[in-house]
$ cat run.txt   # compact mmCIF, C-alpha atoms
# COMPACT_ATOMS: atom_id res chain seq x y z
CA MET A 1 -59.54 93.14 -26.84
CA LYS A 2 -58.23 95.21 -23.91
CA THR A 3 -58.52 98.96 -24.37
CA LEU A 4 -55.47 100.91 -23.32
CA GLU A 5 -56.17 103.89 -21.12
CA ALA A 6 -53.83 106.82 -20.83
CA PRO A 7 -52.16 106.72 -17.42
CA ALA A 8 -53.63 109.13 -14.90
CA ALA A 9 -51.57 112.23 -14.21
CA LEU A 10 -49.16 112.00 -11.30
CA LEU A 11 -48.81 114.55 -8.53
CA ARG A 12 -46.01 114.41 -6.00
CA CYS A 13 -44.71 115.62 -2.68
CA SER A 14 -41.64 115.11 -0.55
CA TYR A 15 -41.70 113.26 2.75
CA ALA A 16 -38.92 113.33 5.37
CA SER A 17 -38.87 109.79 6.74
CA PRO A 18 -36.60 108.65 9.57
CA LEU A 19 -34.77 106.51 6.96
CA GLY A 20 -34.17 109.38 4.56
CA PRO A 21 -36.04 111.66 2.19
CA MET A 22 -38.82 110.12 0.13
CA THR A 23 -40.97 111.10 -2.82
CA LEU A 24 -44.67 110.21 -2.76
CA ALA A 25 -46.87 110.23 -5.88
CA ALA A 26 -50.61 109.96 -6.38
CA THR A 27 -53.14 109.89 -9.18
CA SER A 28 -56.86 110.50 -9.03
CA LYS A 29 -57.19 106.74 -8.31
CA GLY A 30 -54.84 106.56 -5.33
CA LEU A 31 -51.27 106.38 -4.13
CA ALA A 32 -49.04 105.42 -7.07
CA GLY A 33 -45.52 105.79 -5.74
CA VAL A 34 -43.39 105.85 -2.61
CA TRP A 35 -39.65 105.94 -3.22
CA PHE A 36 -36.61 106.67 -1.12
CA ASP A 37 -34.79 109.42 -2.98
CA GLY A 38 -32.23 107.85 -5.30
CA GLN A 39 -33.44 104.25 -4.95
CA LYS A 40 -33.21 101.83 -7.87
CA HIS A 41 -36.01 102.05 -10.45
CA MET A 42 -37.24 105.41 -9.17
CA PRO A 43 -38.69 107.36 -12.10
CA ASP A 44 -37.68 110.92 -12.86
CA THR A 45 -40.38 112.83 -10.99
CA ARG A 46 -39.16 116.36 -11.75
CA GLY A 47 -41.92 116.97 -14.32
CA TRP A 48 -44.70 115.92 -11.96
CA PRO A 49 -46.50 118.82 -10.27
CA GLU A 50 -45.77 119.24 -6.56
CA GLN A 51 -49.04 119.10 -4.60
CA PRO A 52 -48.47 118.24 -0.93
CA ASP A 53 -52.06 119.17 -0.05
CA HIS A 54 -53.52 116.43 -2.30
CA PRO A 55 -55.77 114.32 0.01
CA VAL A 56 -54.11 110.98 -0.82
CA LEU A 57 -50.62 112.43 -0.39
CA GLN A 58 -51.65 113.95 2.95
CA GLN A 59 -53.11 110.63 4.08
CA ALA A 60 -49.94 108.83 2.97
CA GLN A 61 -47.76 111.23 4.96
CA ASN A 62 -49.94 110.80 8.06
CA GLU A 63 -50.01 107.00 7.82
CA LEU A 64 -46.25 106.79 7.16
CA ALA A 65 -45.61 108.99 10.22
CA GLN A 66 -47.76 106.63 12.33
CA TYR A 67 -45.96 103.61 10.82
CA PHE A 68 -42.50 104.98 11.62
CA ALA A 69 -43.71 105.82 15.15
CA GLY A 70 -44.56 102.13 15.59
CA GLN A 71 -48.31 102.78 15.72
CA ARG A 72 -49.56 101.50 12.35
CA PRO A 73 -48.73 98.01 11.05
CA ARG A 74 -51.26 98.31 8.15
CA PHE A 75 -52.13 101.06 5.73
CA ASP A 76 -55.61 102.15 4.63
CA LEU A 77 -54.72 104.13 1.52
CA PRO A 78 -56.35 103.75 -1.87
CA LEU A 79 -53.65 102.40 -4.21
CA ASP A 80 -53.09 102.84 -7.93
CA LEU A 81 -50.90 99.94 -9.06
CA GLY A 82 -51.87 100.38 -12.71
CA ARG A 83 -48.40 101.35 -13.95
CA GLY A 84 -47.12 97.78 -13.99
CA THR A 85 -47.66 94.80 -16.26
CA ASP A 86 -50.41 92.34 -15.38
CA PHE A 87 -47.78 90.01 -13.89
CA GLN A 88 -46.17 92.80 -11.84
CA GLN A 89 -49.56 93.85 -10.53
CA GLN A 90 -50.27 90.25 -9.54
CA VAL A 91 -46.97 90.11 -7.61
CA TRP A 92 -47.61 93.49 -5.97
CA GLN A 93 -51.08 92.34 -4.88
CA GLY A 94 -49.42 89.26 -3.40
CA LEU A 95 -47.08 91.48 -1.39
CA LEU A 96 -50.09 93.13 0.25
CA ASP A 97 -51.01 89.75 1.79
CA ILE A 98 -47.76 89.45 3.79
CA PRO A 99 -48.56 90.61 7.36
CA ALA A 100 -46.31 93.06 9.18
CA GLY A 101 -43.71 91.27 11.28
CA GLN A 102 -43.55 88.33 8.87
CA THR A 103 -41.43 87.49 5.85
CA LEU A 104 -41.93 85.28 2.81
CA SER A 105 -39.45 83.90 0.29
CA TYR A 106 -39.60 84.78 -3.40
CA GLY A 107 -40.44 81.14 -4.15
CA ALA A 108 -43.25 81.06 -1.60
CA LEU A 109 -44.64 84.31 -3.01
CA GLY A 110 -44.55 82.78 -6.51
CA THR A 111 -46.41 79.72 -5.24
CA ARG A 112 -48.96 81.92 -3.46
CA ILE A 113 -49.82 83.78 -6.67
CA GLY A 114 -49.99 80.56 -8.71
CA ARG A 115 -46.60 81.00 -10.44
CA PRO A 116 -44.28 78.59 -8.57
CA ALA A 117 -41.76 78.32 -11.43
CA ALA A 118 -41.44 82.08 -11.92
CA VAL A 119 -39.10 82.81 -9.00
CA ARG A 120 -36.77 85.09 -11.00
CA ALA A 121 -39.68 86.97 -12.58
CA VAL A 122 -41.26 87.35 -9.14
CA GLY A 123 -37.97 88.76 -7.85
CA ALA A 124 -37.79 91.24 -10.73
CA ALA A 125 -41.39 92.37 -10.12
CA VAL A 126 -40.74 92.75 -6.38
CA GLY A 127 -37.72 94.92 -7.19
CA ARG A 128 -39.83 97.20 -9.36
CA ASN A 129 -42.57 97.72 -6.78
CA PRO A 130 -43.39 101.43 -7.03
CA ILE A 131 -44.95 101.78 -3.57
CA SER A 132 -42.22 101.03 -1.04
CA ILE A 133 -43.20 100.17 2.55
CA ILE A 134 -46.96 100.34 1.90
CA VAL A 135 -46.76 97.51 -0.65
CA PRO A 136 -44.29 95.64 1.55
CA CYS A 137 -41.59 94.32 -0.77
CA HIS A 138 -39.15 94.57 2.17
CA ARG A 139 -40.88 91.50 3.64
CA VAL A 140 -39.57 89.22 0.87
CA VAL A 141 -36.39 87.30 1.67
CA GLY A 142 -34.21 84.63 0.08
CA ALA A 143 -35.12 80.94 0.24
CA ASP A 144 -32.82 80.50 3.25
CA GLY A 145 -34.32 83.51 5.04
CA ALA A 146 -31.38 85.78 4.17
CA LEU A 147 -32.04 89.43 3.48
CA THR A 148 -31.59 89.93 -0.24
CA GLY A 149 -31.80 92.95 -2.49
CA TYR A 150 -33.99 95.92 -1.70
CA ALA A 151 -34.24 98.86 -4.08
CA GLY A 152 -34.01 101.25 -1.12
CA GLY A 153 -30.89 99.53 0.30
CA LEU A 154 -30.42 96.59 2.65
CA GLU A 155 -29.87 98.84 5.68
CA ARG A 156 -33.37 100.26 5.17
CA LYS A 157 -34.84 96.78 4.66
CA THR A 158 -33.25 95.70 7.95
CA ALA A 159 -34.61 98.79 9.75
CA LEU A 160 -38.14 98.27 8.36
CA LEU A 161 -38.22 94.59 9.38
CA LYS A 162 -36.92 95.46 12.86
CA LEU A 163 -39.58 98.17 13.26
CA GLU A 164 -42.30 95.70 12.22
CA GLN A 165 -41.02 93.01 14.58
CA THR A 166 -41.24 95.55 17.40
CA MET A 167 -44.76 96.53 16.37
CA ALA A 168 -45.83 92.87 16.17
CA THR A 169 -44.64 92.17 19.70
CA THR A 170 -45.97 95.38 21.28
CA MET A 171 -49.35 95.37 19.56
CA HIS A 172 -49.96 91.61 19.89
CA PRO A 173 -47.95 90.42 22.90
$ encode --input "run.txt" --output "structure tokens"
Amino acid sequence: MKTLEAPAALLRCSYASPLGPMTLAATSKGLAGVWFDGQKHMPDTRGWPEQPDHPVLQQAQNELAQYFAGQRPRFDLPLDLGRGTDFQQQVWQGLLDIPAGQTLSYGALGTRIGRPAAVRAVGAAVGRNPISIIVPCHRVVGADGALTGYAGGLERKTALLKLEQTMATTMHP
């Protein structure tokens, strides 16, 4: 029988990204949240203590700054994905395997994680990804390659994919 642990306490800070203000959250285990302010499924973070000097939050800010400057296609942060269901965590782990500059359809992601018939459930889990950009849900597209929903807005998804295409061509010509 699985023992339920109380979730680790969340600490937060604000981050001014080129695509708009963001909220970052961390636990003692790692980075637990990256949301564009006002995006879908963003939790109410007002009760979480503000601690911008937390080491994981500082590292996240530094790595995001490098990413937005086109200098970091991958992140090296410890992650805490423990706030999702087992299925959601499986989908979020699958997202981490999509390289920068590439996209994957929801169906292909489902197949990759051994759940080829669960396309809608995969889509729902992708939409609830709590760690935007770093767990790259923006790299998932429709079956025909069309840009589909993104909790942070399609204009941000487009900008992120364009940034990564530029990084892919300049870092690996």
$ closest_residue --input "run.txt" --among "A:Leu147, A:Leu64, A:Leu57, A:Met22" --to "Ile134 in chain A" --atoms "only C-alpha atoms"
A:Leu64
$ residues_around --input "run.txt" --residues "Gln39 in chain A" --least-positions-apart "3" --cutoff "9 Å" --atoms "only C-alpha atoms" --output "PyMOL selection string"
chain A and resi 35-36+42+150-153
$ residues_around --input "run.txt" --residues "Gly30 in chain A" --least-positions-apart "6" --cutoff "7 Å" --atoms "only C-alpha atoms" --output "PyMOL selection string"
chain A and resi 56+78-80
$ axis_aligned_box --input "run.txt" --around "range 98-111 of chain A" --padding-each-side "3 Å" --output "lines of an AutoDock Vina configuration file"
center_x = -44.0
center_y = 86.4
center_z = 2.4
size_x = 15.1
size_y = 19.3
size_z = 23.8
$ closest_residue --input "run.txt" --among "A:Cys137, A:Val119, A:Leu163, A:Ala9" --to "Val34 in chain A" --atoms "only C-alpha atoms"
A:Cys137
$ atom_distance --input "run.txt" --atom1 "CA of Val140 in chain A" --atom2 "CA of Leu11 in chain A"
28.6 Å
$ closest_residue --input "run.txt" --among "A:Thr170, A:Asn62, A:Gln88, A:Gln93" --to "Gly127 in chain A" --atoms "only C-alpha atoms"
A:Gln88
$ atom_distance --input "run.txt" --atom1 "CA of Asp44 in chain A" --atom2 "CA of Ile131 in chain A"
14.9 Å
$ atom_distance --input "run.txt" --atom1 "CA of Val126 in chain A" --atom2 "CA of Val91 in chain A"
6.9 Å
$ closest_residue --input "run.txt" --among "A:Ala125, A:His41, A:Ala118, A:Ala60" --to "Gln90 in chain A" --atoms "all atoms listed in the file"
A:Ala125
$ residues_around --input "run.txt" --residues "Pro55 in chain A" --least-positions-apart "3" --cutoff "12 Å" --atoms "all atoms listed in the file" --output "ChimeraX atom specification"
/A:11-13,25-31,51-52,58-62,77-78
$ closest_residue --input "run.txt" --among "A:Asp144, A:Asp76, A:Lys157, A:Met167" --to "Ser132 in chain A" --atoms "only C-alpha atoms"
A:Lys157
$ residues_around --input "run.txt" --residues "range 104-115 of chain A" --least-positions-apart "6" --cutoff "6 Å" --atoms "only C-alpha atoms" --output "ChimeraX atom specification"
/A:140-143
$ closest_residue --input "run.txt" --among "A:Leu95, A:Leu24, A:Leu10, A:Ile133" --to "Arg72 in chain A" --atoms "all atoms listed in the file"
A:Ile133
$ residues_near_point --input "run.txt" --point "(-39.0, 110.7, 4.5)" --cutoff "9 Å" --atoms "only C-alpha atoms" --output "list in words"
Ser14, Tyr15, Ala16, Ser17, Pro18, Leu19, Gly20, Pro21, Met22, Thr23, Phe36, Asp37, Gln61, Leu64 and Ala65 of chain A
